[in-house]
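J.: Next comes the structure file my_file-v9.cif, holding mmCIF, C-alpha atoms.
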```cif
data_protein
loop_
_atom_site.label_atom_id
_atom_site.label_comp_id
_atom_site.auth_asym_id
_atom_site.auth_seq_id
_atom_site.Cartn_x
_atom_site.Cartn_y
_atom_site.Cartn_z
CA MET A 1 155.76 13.96 91.98
CA LEU A 2 155.65 10.86 89.79
CA LEU A 3 154.81 8.73 92.76
CA ALA A 4 151.97 11.06 93.69
CA LEU A 5 150.54 10.85 90.18
CA LEU A 6 150.83 7.08 90.20
CA ALA A 7 149.06 6.93 93.55
CA LEU A 8 146.28 9.18 92.24
CA GLY A 9 145.91 6.99 89.16
CA LEU A 10 145.63 3.86 91.27
CA ILE A 11 142.99 5.50 93.46
CA ALA A 12 141.02 6.57 90.39
CA VAL A 13 141.14 3.05 88.95
CA ALA A 14 140.07 1.57 92.29
CA LEU A 15 137.13 3.97 92.49
CA ALA A 16 136.06 3.45 88.86
CA THR A 17 136.23 -0.35 88.89
CA PRO A 18 132.93 -0.98 90.76
CA MET A 19 131.14 1.45 88.42
CA ALA A 20 132.59 -0.27 85.35
CA VAL A 21 131.60 -3.68 86.71
CA ARG A 22 128.02 -2.47 87.32
CA ALA A 23 127.78 -0.99 83.81
CA LEU A 24 129.09 -4.22 82.30
CA ARG A 25 126.53 -6.23 84.29
CA ARG A 26 123.68 -3.99 83.06
CA VAL A 27 124.77 -4.47 79.45
CA ARG A 28 124.86 -8.27 79.93
CA GLU A 29 121.42 -8.23 81.56
CA ARG A 30 119.93 -6.21 78.69
CA ARG A 31 121.42 -8.61 76.15
CA ALA A 32 120.02 -11.62 78.03
CA VAL A 33 116.51 -10.06 78.12
CA ALA A 34 116.68 -9.22 74.42
CA ALA A 35 117.79 -12.75 73.58
CA SER A 36 114.88 -14.26 75.52
CA ASN A 37 112.37 -11.99 73.71
CA PRO A 38 112.89 -12.12 69.94
CA THR A 39 110.51 -9.23 69.29
CA GLU A 40 113.04 -6.90 70.94
CA LEU A 41 115.43 -7.65 68.12
CA THR A 42 112.91 -7.34 65.28
CA LEU A 43 114.34 -5.07 62.65
CA TYR A 44 112.53 -3.39 59.82
CA ASP A 45 112.60 -5.63 56.78
CA PRO A 46 112.28 -3.46 53.66
CA GLY A 47 111.49 -6.50 51.51
CA ARG A 48 108.59 -7.74 53.62
CA GLU A 49 105.96 -5.52 52.02
CA ARG A 50 107.17 -6.35 48.55
CA ARG A 51 107.04 -10.08 49.24
CA ALA A 52 103.58 -9.70 50.81
CA GLU A 53 102.37 -7.86 47.71
CA LEU A 54 103.78 -10.53 45.39
CA ARG A 55 101.95 -13.23 47.38
CA ALA A 56 98.80 -11.10 47.35
CA ARG A 57 98.94 -10.76 43.56
CA GLU A 58 99.19 -14.52 43.16
CA LEU A 59 96.25 -15.04 45.50
CA LEU A 60 94.20 -12.46 43.62
CA ARG A 61 95.03 -14.07 40.29
CA SER A 62 93.95 -17.48 41.60
CA CYS A 63 90.54 -16.17 42.71
CA VAL A 64 89.24 -13.70 40.14
CA ASN A 65 88.17 -14.23 36.52
CA ARG A 66 90.90 -14.25 33.91
CA GLU A 67 89.60 -11.03 32.38
CA GLU A 68 89.47 -9.32 35.78
CA TRP A 69 93.05 -10.33 36.48
CA ALA A 70 94.20 -8.96 33.12
CA MET A 71 92.30 -5.73 33.86
CA TYR A 72 94.04 -5.32 37.21
CA ARG A 73 97.43 -6.18 35.76
CA ASP A 74 97.08 -3.75 32.85
CA LEU A 75 94.95 -0.94 34.29
CA GLY A 76 95.35 -1.17 38.08
CA PHE A 77 91.67 -1.68 38.93
CA ILE A 78 88.90 -4.25 38.52
CA ARG A 79 85.35 -3.72 37.29
CA VAL A 80 82.72 -5.85 39.00
CA ALA A 81 79.13 -5.88 37.83
CA GLY A 82 76.52 -5.17 40.49
CA ARG A 83 74.69 -8.20 41.86
CA HIS A 84 71.54 -7.60 39.87
CA THR A 85 73.57 -6.99 36.73
CA ARG A 86 75.48 -10.24 37.24
CA ARG A 87 72.27 -12.23 37.55
CA ALA A 88 70.91 -10.58 34.38
CA SER A 89 74.10 -11.31 32.44
CA ASP A 90 73.67 -15.01 33.19
CA ARG A 91 70.26 -14.90 31.53
CA GLY A 92 71.15 -12.91 28.44
CA PRO A 93 74.15 -11.67 26.50
CA LYS A 94 73.52 -7.97 26.99
CA PRO A 95 73.64 -6.96 30.63
CA SER A 96 72.56 -3.55 31.78
CA GLY A 97 72.59 -1.85 35.13
CA TYR A 98 75.36 -0.75 37.40
CA ALA A 99 78.91 -1.80 38.13
CA TYR A 100 81.75 -1.02 40.50
CA LEU A 101 85.37 -0.09 40.03
CA ILE A 102 87.65 -1.55 42.66
CA TYR A 103 90.88 0.33 43.32
CA PRO A 104 93.51 -0.69 45.85
CA HIS A 105 93.25 1.37 49.04
CA LYS A 106 90.75 3.76 47.48
CA PRO A 107 86.96 3.93 47.58
CA ILE A 108 84.84 1.61 45.47
CA VAL A 109 83.14 3.59 42.69
CA ALA A 110 79.63 2.73 41.51
CA PHE A 111 78.79 3.75 37.94
CA LEU A 112 76.45 3.07 35.03
CA PRO A 113 78.46 1.32 32.31
CA ALA A 114 75.97 2.12 29.54
CA GLU A 115 76.13 5.87 30.12
CA GLY A 116 79.51 6.09 31.81
CA ARG A 117 77.81 8.04 34.60
CA LEU A 118 79.46 8.01 38.01
CA LEU A 119 77.03 7.31 40.84
CA SER A 120 78.84 7.33 44.15
CA GLU A 121 81.96 6.30 45.98
CA TYR A 122 81.94 3.85 48.87
CA CYS A 123 84.75 4.32 51.34
CA VAL A 124 85.56 0.97 52.84
CA GLU A 125 88.60 -0.45 54.57
CA PHE A 126 89.67 -3.71 56.13
CA PRO A 127 91.28 -2.65 59.37
CA ASP A 128 93.86 -4.55 61.35
CA LEU A 129 91.97 -6.48 64.05
CA SER A 130 95.07 -7.81 65.76
CA GLY A 131 95.28 -4.92 68.20
CA SER A 132 98.32 -3.21 66.71
CA GLY A 133 96.39 0.03 66.57
CA GLY A 134 95.55 -0.21 62.90
CA ALA A 135 99.02 0.91 61.92
CA THR A 136 99.30 -1.72 59.21
CA ARG A 137 97.07 -2.38 56.24
CA LEU A 138 96.57 -5.11 53.71
CA PRO A 139 98.86 -5.29 50.70
CA ALA A 140 97.29 -3.51 47.71
CA SER A 141 96.24 -6.70 45.89
CA ASP A 142 94.78 -8.20 49.08
CA ASP A 143 92.73 -5.02 49.53
CA VAL A 144 91.39 -5.47 45.99
CA LEU A 145 90.66 -9.15 46.63
CA ALA A 146 88.89 -8.39 49.92
CA LYS A 147 86.66 -5.86 48.12
CA TRP A 148 86.07 -8.28 45.26
CA MET A 149 85.10 -11.10 47.62
CA ALA A 150 82.89 -8.84 49.69
CA LEU A 151 81.12 -7.43 46.61
CA THR A 152 80.64 -10.70 44.78
CA SER A 153 79.49 -12.59 47.87
CA ASP A 154 77.51 -10.14 49.95
CA GLU A 155 77.21 -6.84 48.12
CA GLU A 156 74.52 -5.43 50.41
CA ARG A 157 76.55 -6.03 53.55
CA VAL A 158 79.71 -4.33 52.33
CA ILE A 159 77.80 -1.40 50.83
CA ARG A 160 75.84 -1.00 54.08
CA ARG A 161 79.06 -0.84 56.06
CA ALA A 162 80.79 1.60 53.71
CA ASN A 163 80.57 5.37 53.96
CA MET A 164 78.86 6.59 50.83
CA HIS A 165 79.72 9.92 49.21
CA LEU A 166 79.26 11.51 45.84
CA VAL A 167 82.27 10.86 43.61
CA GLY A 168 84.83 13.56 44.26
CA ARG A 169 85.34 13.30 47.98
CA GLN A 170 88.42 11.08 47.75
CA LEU A 171 88.67 10.30 44.07
CA ASP A 172 89.02 12.81 41.30
CA PRO A 173 85.97 12.29 39.02
CA ALA A 174 88.07 13.28 35.99
CA ARG A 175 90.50 10.52 36.82
CA VAL A 176 87.72 7.95 37.20
CA ARG A 177 86.21 9.01 33.86
CA ARG A 178 89.63 8.67 32.31
CA ASP A 179 89.89 5.17 33.80
CA LEU A 180 86.54 4.28 32.23
CA TRP A 181 87.84 5.56 28.91
CA ARG A 182 91.04 3.50 29.36
CA LEU A 183 88.90 0.47 30.20
CA ALA A 184 86.78 0.88 27.06
CA LYS A 185 89.92 1.25 24.94
CA TRP A 186 91.52 -1.78 26.61
CA GLU A 187 88.43 -3.92 25.98
CA ARG A 188 88.22 -2.79 22.36
CA ARG A 189 91.85 -3.74 21.82
CA ARG A 190 91.35 -7.14 23.45
CA ARG A 191 88.24 -7.75 21.39
CA GLU A 192 90.13 -6.93 18.20
CA ARG A 193 92.82 -9.39 19.23
CA GLY A 194 90.14 -11.99 19.97
CA GLU A 195 90.99 -12.10 23.66
CA LEU A 196 87.51 -11.02 24.69
CA PRO A 197 84.13 -12.38 23.60
CA SER A 198 82.30 -9.85 21.43
CA GLY A 199 79.31 -9.79 23.81
CA ALA A 200 81.43 -9.03 26.83
CA GLN A 201 80.73 -5.77 28.53
CA MET B 1 94.93 -12.04 54.80
CA LYS B 2 96.77 -10.23 57.52
CA PRO B 3 97.45 -6.52 57.42
CA GLY B 4 101.18 -5.92 57.17
CA HIS B 5 101.87 -9.49 56.11
CA GLY B 6 99.47 -10.47 53.36
CA GLU B 7 98.64 -14.11 52.95
CA VAL B 8 99.32 -16.33 55.95
CA LEU B 9 98.59 -20.06 55.99
CA LEU B 10 96.54 -20.72 59.13
CA ALA B 11 95.79 -24.41 58.87
CA GLU B 12 95.60 -27.09 56.27
CA GLY B 13 94.32 -30.61 56.23
CA ASP B 14 91.86 -33.06 54.80
CA ARG B 15 88.39 -32.32 56.12
CA HIS B 16 87.42 -35.95 55.62
CA LEU B 17 89.94 -36.99 58.27
CA GLU B 18 88.57 -36.56 61.77
CA GLU B 19 91.72 -35.25 63.42
CA ASP B 20 92.33 -32.78 60.58
CA GLU B 21 88.75 -31.57 60.65
CA GLU B 22 88.87 -30.85 64.39
CA ARG B 23 91.87 -28.62 63.79
CA LEU B 24 90.22 -26.90 60.83
CA VAL B 25 86.99 -26.29 62.76
CA GLU B 26 88.97 -24.91 65.70
CA GLU B 27 90.90 -22.49 63.47
CA PHE B 28 87.73 -21.49 61.62
CA ARG B 29 86.00 -20.61 64.91
CA ARG B 30 89.03 -18.75 66.18
CA GLN B 31 89.18 -16.56 63.08
CA LEU B 32 85.48 -15.73 63.23
CA GLU B 33 85.75 -14.94 66.94
CA GLU B 34 88.56 -12.53 66.11
CA GLY B 35 86.11 -10.73 63.86
CA MET B 36 87.36 -11.94 60.50
CA TRP B 37 85.10 -12.63 57.54
CA ALA B 38 85.44 -15.92 55.73
CA ALA B 39 84.92 -16.41 52.02
CA VAL B 40 85.30 -19.27 49.59
CA PRO B 41 86.20 -18.55 45.96
CA THR B 42 83.72 -20.33 43.72
CA ARG B 43 83.12 -20.94 40.05
CA GLU B 44 79.61 -21.07 38.64
CA PRO B 45 79.30 -24.26 36.59
CA ALA B 46 76.88 -22.78 34.04
CA SER B 47 78.63 -19.52 33.18
CA GLY B 48 82.13 -20.33 34.42
CA ARG B 49 82.11 -17.01 36.22
CA ARG B 50 84.15 -16.75 39.39
CA GLU B 51 82.71 -15.23 42.52
CA ALA B 52 83.14 -15.57 46.24
CA ARG B 53 80.74 -16.99 48.75
CA MET B 54 80.71 -15.67 52.29
CA VAL B 55 80.57 -18.44 54.88
CA ARG B 56 79.33 -17.79 58.39
CA GLY B 57 79.77 -21.28 59.79
CA TYR B 58 82.00 -24.26 59.14
CA GLY B 59 78.99 -26.16 57.82
CA ASP B 60 78.45 -23.50 55.13
CA ILE B 61 81.71 -24.36 53.41
CA PRO B 62 80.90 -26.04 50.07
CA PRO B 63 82.05 -29.67 50.02
CA ASP B 64 84.27 -29.07 46.99
CA ALA B 65 85.97 -25.95 48.39
CA ASP B 66 89.72 -26.26 48.51
CA ARG B 67 90.33 -23.19 50.66
CA VAL B 68 88.71 -20.62 52.88
CA ILE B 69 90.10 -17.10 52.87
CA PHE B 70 89.78 -15.01 56.02
CA PHE B 71 90.00 -11.26 55.79
CA PRO B 72 89.29 -8.38 58.16
CA ARG B 73 85.66 -7.34 58.17
CA ALA B 74 84.85 -4.23 56.19
CA SER B 75 84.23 -0.94 57.89
CA GLY B 76 83.55 2.54 56.64
CA GLY B 77 86.75 4.25 55.60
#
```
Go through the file and emit its structure as structure tokens.

T.:
Amino acid sequence: MLLALLALGLIAVALATPMAVRALRRVRERRAVAASNPTELTLYDPGRERRAELRARELLRSCVNREEWAMYRDLGFIRVAGRHTRRASDRGPKPSGYAYLIYPHKPIVAFLPAEGRLLSEYCVEFPDLSGSGGATRLPASDDVLAKWMALTSDEERVIRRANMHLVGRQLDPARVRRDLWRLAKWERRRRERGELPSGAQ
Amino acid sequence: MKPGHGEVLLAEGDRHLEEDEERLVEEFRRQLEEGMWAAVPTREPASGRREARMVRGYGDIPPDADRVIFFPRASGG
């Protein structure tokens, strides 16, 4: 009986050995392929986005005006005067006209600073052109910088490319009005502390 | 600016050196061919106000520019 079992065991081992060898070979082949192609081993790095955002903030700070940077740091958005308003402000201390609010990954809002009236929202994005299917997007501060550069350099082009809607399609008008109120309060406080010229809008 | 990565250094060099400039021109063209927009941060001497200037060709880059930033072209969201 014992001999029979031993014989059966030996037969089973003999039959299983080629299968085990083949399986081992497949594992080795897969490892060799993975080693030759590093992208196969790419793992999700949870810190990558955070590091990208930190770099983006530094880049934004190095490009925009000091006041705009402080606005973004404290309030989370940047106000940019419209092109015609910017030209007028160079000629005189009291600019009038329109301006934009730039939010990260949200539409640009056009408004009239003097009246606080919201005009429209411009939905614009900077899609991934690398062919990854648009699955990734710019870090928040890079999105703000891209909008800032596009608006301050070629306002017409970016506005022409954007989808225009009345405020309320993506952004809550009450929230935007509240942001304008926060902005006015922030500027008043800075002016009182002497951090802002009294003529600044 | 690269979606998913943020700022990526593409090329650097002294544009007054011939071999550096060839490399910079090559990279500039490659970025524009990929559909990127190029902008140079500027500072207006009179008002001190900072803006950006869109550049459509290597020759449009202001002589005193220390960097060119490429970013994906805008499209309706």

J.: When the PyMOL selection byres ((chain B) within 6 of (chain A)) is applied to the file above, which residues end up in the set, as a PyMOL selection string?

T.: chain B and resi 3-6+41+50-54+72-77

J.: Taking C-alpha atoms for each residue, export the selection above as a compact mmCIF listing (two decimals), keeping the file's coordinate frame.

T.:
```txt
# COMPACT_ATOMS: atom_id res chain seq x y z
CA PRO B 3 97.45 -6.52 57.42
CA GLY B 4 101.18 -5.92 57.17
CA HIS B 5 101.87 -9.49 56.11
CA GLY B 6 99.47 -10.47 53.36
CA PRO B 41 86.20 -18.55 45.96
CA ARG B 50 84.15 -16.75 39.39
CA GLU B 51 82.71 -15.23 42.52
CA ALA B 52 83.14 -15.57 46.24
CA ARG B 53 80.74 -16.99 48.75
CA MET B 54 80.71 -15.67 52.29
CA PRO B 72 89.29 -8.38 58.16
CA ARG B 73 85.66 -7.34 58.17
CA ALA B 74 84.85 -4.23 56.19
CA SER B 75 84.23 -0.94 57.89
CA GLY B 76 83.55 2.54 56.64
CA GLY B 77 86.75 4.25 55.60
```

J.: Given the file above and the PyMOL selection byres ((chain A and resi 73) around 12), which residues are selected, and can you give them as a list in words?

T.: Arg57, Glu58, Leu60, Arg61, Val64, Arg66, Glu67, Glu68, Trp69, Ala70, Met71, Tyr72, Asp74, Leu75, Gly76, Phe77, Ile78, Tyr103, Ser141, Val144 and Trp186 of chain A

J.: Report the centre and edge lengths, in Å to one decimal, of an axis-aligned box enclosing every atom of segment 145-160 of chain A listed in the file, padded by 3 Å on each side, as lines of an AutoDock Vina configuration file.

T.:
```
center_x = 82.6
center_y = -6.8
center_z = 49.4
size_x = 22.1
size_y = 17.6
size_z = 15.3
```

J.: Applying the PyMOL selection byres ((chain B and resi 20-26) around 12) to the file I just gave you, which residues come out? Please list them as a PyMOL selection string.

T.: chain B and resi 9-19+27-33+57-61+67-68

J.: Next, write the just-selected residues to a file, as a PDB file, keeping the file's coordinate frame, keeping C-alpha atoms as the atom set.

T.:
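The new file selection_32.pdb reads:
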```
ATOM      1  CA  LEU B   9      98.590 -20.060  55.990  1.00  0.00           C
ATOM      2  CA  LEU B  10      96.540 -20.720  59.130  1.00  0.00           C
ATOM      3  CA  ALA B  11      95.790 -24.410  58.870  1.00  0.00           C
ATOM      4  CA  GLU B  12      95.600 -27.090  56.270  1.00  0.00           C
ATOM      5  CA  GLY B  13      94.320 -30.610  56.230  1.00  0.00           C
ATOM      6  CA  ASP B  14      91.860 -33.060  54.800  1.00  0.00           C
ATOM      7  CA  ARG B  15      88.390 -32.320  56.120  1.00  0.00           C
ATOM      8  CA  HIS B  16      87.420 -35.950  55.620  1.00  0.00           C
ATOM      9  CA  LEU B  17      89.940 -36.990  58.270  1.00  0.00           C
ATOM     10  CA  GLU B  18      88.570 -36.560  61.770  1.00  0.00           C
ATOM     11  CA  GLU B  19      91.720 -35.250  63.420  1.00  0.00           C
ATOM     12  CA  GLU B  27      90.900 -22.490  63.470  1.00  0.00           C
ATOM     13  CA  PHE B  28      87.730 -21.490  61.620  1.00  0.00           C
ATOM     14  CA  ARG B  29      86.000 -20.610  64.910  1.00  0.00           C
ATOM     15  CA  ARG B  30      89.030 -18.750  66.180  1.00  0.00           C
ATOM     16  CA  GLN B  31      89.180 -16.560  63.080  1.00  0.00           C
ATOM     17  CA  LEU B  32      85.480 -15.730  63.230  1.00  0.00           C
ATOM     18  CA  GLU B  33      85.750 -14.940  66.940  1.00  0.00           C
ATOM     19  CA  GLY B  57      79.770 -21.280  59.790  1.00  0.00           C
ATOM     20  CA  TYR B  58      82.000 -24.260  59.140  1.00  0.00           C
ATOM     21  CA  GLY B  59      78.990 -26.160  57.820  1.00  0.00           C
ATOM     22  CA  ASP B  60      78.450 -23.500  55.130  1.00  0.00           C
ATOM     23  CA  ILE B  61      81.710 -24.360  53.410  1.00  0.00           C
ATOM     24  CA  ARG B  67      90.330 -23.190  50.660  1.00  0.00           C
ATOM     25  CA  VAL B  68      88.710 -20.620  52.880  1.00  0.00           C
TER      26      VAL B  68
END
```

J.: For atom CA of Val176 of chain A and atom CA of Leu101 of chain A, quote the distance in Å rounded to one decimal.

T.: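 Between atom CA of Val176 of chain A and atom CA of Leu101 of chain A the gap is 8.8 Å.
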
J.: Just how far from atom CA of Pro104 of chain A is atom CA of Gln170 of chain A, in Å to one decimal?

T.: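 Computing the Euclidean distance for atom CA of Gln170 of chain A and atom CA of Pro104 of chain A yields 13.0 Å.
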
J.: By how many Å are atom CA of Leu183 of chain A and atom CA of Gly82 of chain A apart?

T.: 17.1 Å
